[in-house]
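Visitor: Below is a structure I'd like to ask you about.
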Amino acid sequence: MNKKSEKPERLEDILASLPADDPERRLLEALFADESFSHEDAQAMLPDYVTDELLGLPVSERYPRLHRHLLHCPICADMYANMIRDLTEEVPIPPVIPQPDLSFLPVPVSSRLNALLGDVRSTTRQALEAIVAAGWPQFQDEVGMVLRVFFRQIDQFGDGFVLQPHAARAMGFGPGEAHLSQRMALAIHKTLMALKKTYEGREEVDAERLMAEAKAAMEDAAQDAGLSDKEKERFIEAYLDWFAKEMGVS
């Protein structure tokens, strides 16, 4: 009994002492199966074995027992072959149907407006940057900081709060209480919120009426934000010009 059990132990010792690519080792592995390595062991390791083989890694060194098992087990060898075939078969590429370039078609005013009103804070940033660049270039370096402070206040009160009566005073944006850039940010934001309340989700928008209502909203917002008559005139001119371009209105 002892002699019978010593033979595989000696064989395993010999195999362990030989390099993976040694001809003697490969011959022994081909002649003698490893009965202690089960189908379950082999099938659990097969996915990693196949993956590494496809990556060009030395699987006979990484998985010596599984490699040897595959030489003697037709069931696991067949599973291995199927996995290799499934992973290396070319997947048919569906045909790409060319799409017509319709960029030359005009974008409806309603689509442009809904895009602007979909993210009021981002639009407020774009508008303030454009207005400051057009009329107050000396304030351009301050826009980022001004907006951070402004949006921090909006976070406390809520976007819709700007539509409340005397919102500017409550937020500390009255005449002489805030920098001109801050007051313009409030006027821009308030105008957009007013337009959003009226137009959000509309599929059809009359451009002429929209521009008239936008101008009226700008005037009210500029007044509430504490802009002087001169500041208000320049602000509305720059704001209307930017808004018309965004709406595609000449």
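Residues in the structure tokens are named by chain (A, B, ... in the order shown) and by number from 1 within that chain; ligands are numbered from 1 in the order shown.
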List every residue of segment 153-236 of chain A that has an atom at most 10 Å from any atom of segment 124-141 of chain A, and for each one report the closest atom pair and its distance in Å to one decimal, counting only C-alpha atoms, with rows sorted by chain and then by increasing residue number, as a Markdown table.
Guide:
| residue | atom | partner | partner_atom | distance |
| --- | --- | --- | --- | --- |
| A:Leu180 | CA | A:Phe139 | CA | 9.1 |
| A:Ser181 | CA | A:Phe139 | CA | 7.3 |
| A:Gln182 | CA | A:Leu128 | CA | 9.5 |
| A:Met184 | CA | A:Leu128 | CA | 7.2 |
| A:Ala185 | CA | A:Leu128 | CA | 6.2 |
| A:Leu186 | CA | A:Thr124 | CA | 8.8 |
| A:Ala187 | CA | A:Thr124 | CA | 9.4 |
| A:Ile188 | CA | A:Thr124 | CA | 6.0 |
| A:His189 | CA | A:Thr124 | CA | 5.7 |
| A:Lys190 | CA | A:Thr124 | CA | 9.3 |
| A:Thr191 | CA | A:Thr124 | CA | 9.5 |
| A:Leu192 | CA | A:Thr124 | CA | 7.8 |
| A:Glu231 | CA | A:Gly135 | CA | 9.7 |
| A:Arg234 | CA | A:Gly135 | CA | 7.1 |
| A:Phe235 | CA | A:Ile131 | CA | 7.2 |
| A:Ile236 | CA | A:Ile131 | CA | 9.2 |
Visitor: Using only C-alpha atoms, which protein or nucleic acid residues come within 10 Å of Ser111 of chain A? Drop anything in the same chain fewer than 6 positions from it, and give the result as an NGL selection string.
Guide: :A and (117 or 201-205 or 247)
Visitor: Excluding same-chain residues fewer than 3 positions from Gly248 of chain A, what lies within 9 Å of it counting only C-alpha atoms, as a ChimeraX atom specification?
Guide: /A:106-109,112,243-245
Visitor: Would you save the residues of that selection, restricted to C-alpha atoms, as an mmCIF file, in the first residue's frame?
Guide:
data_model
loop_
_atom_site.group_PDB
_atom_site.id
_atom_site.type_symbol
_atom_site.label_atom_id
_atom_site.label_comp_id
_atom_site.auth_asym_id
_atom_site.auth_seq_id
_atom_site.Cartn_x
_atom_site.Cartn_y
_atom_site.Cartn_z
ATOM 1 C CA PRO A 106 -32.802 76.481 -38.759
ATOM 2 C CA VAL A 107 -33.268 75.463 -35.123
ATOM 3 C CA PRO A 108 -36.738 76.461 -33.865
ATOM 4 C CA VAL A 109 -36.830 79.321 -31.356
ATOM 5 C CA ARG A 112 -33.226 77.246 -28.457
ATOM 6 C CA PHE A 243 -30.304 86.885 -26.131
ATOM 7 C CA ALA A 244 -31.286 87.605 -29.747
ATOM 8 C CA LYS A 245 -28.187 85.832 -31.030
#
Visitor: Excluding segment 51-66 of chain A and its own-chain neighbours fewer than 3 positions away, which residues fall within 7 Å of it when counting only C-alpha atoms? Please give them as a PyMOL selection string.
Guide: chain A and resi 20+42+47-48+69-70
Visitor: Could you jot down the atom CA of Lys197 of chain A to atom CA of Ala212 of chain A separation for me, Å, one decimal place?
Guide: 15.7 Å
Visitor: Residues within 12 Å of Ala194 of chain A, please, as a PyMOL selection string. Count only C-alpha atoms; anything in the same chain fewer than 2 positions from it doesn't count.
Guide: chain A and resi 117+120+159-164+187-192+196-200+210+213-221
Visitor: Atom CA of Gly144 of chain A and atom CA of Gln223 of chain A, how far apart in Å?
Guide: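 Atom-to-atom, atom CA of Gln223 of chain A to atom CA of Gly144 of chain A, that is 23.5 Å.
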Visitor: Mind giving me the straight-line distance from atom CA of Glu246 of chain A to atom CA of Arg209 of chain A in Å, one decimal?
Guide: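 Pair atom CA of Glu246 of chain A / atom CA of Arg209 of chain A returns 15.5 Å.
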Visitor: Among segment 80-236 of chain A, which residues carry a DSSP assignment of helix (DSSP H, G or I), reported as a PyMOL selection string?
Guide: chain A and resi 80-88+109-118+120-135+137-157+159-163+167-170+180-199+207-224+229-236
Visitor: From the list A:Met79, A:Val249, A:Val143, A:Ala225, which residue is nearest Ala207 of chain A when using only C-alpha atoms?
Guide: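 Once distances to Ala207 of chain A are computed over only C-alpha atoms, the minimum belongs to A:Val249.
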Visitor: Just checking: using only C-alpha atoms, which residue out of A:Leu227, A:Leu113, A:Cys76, A:Ala222 ends up closest to Asp41 of chain A?
Guide: A:Cys76
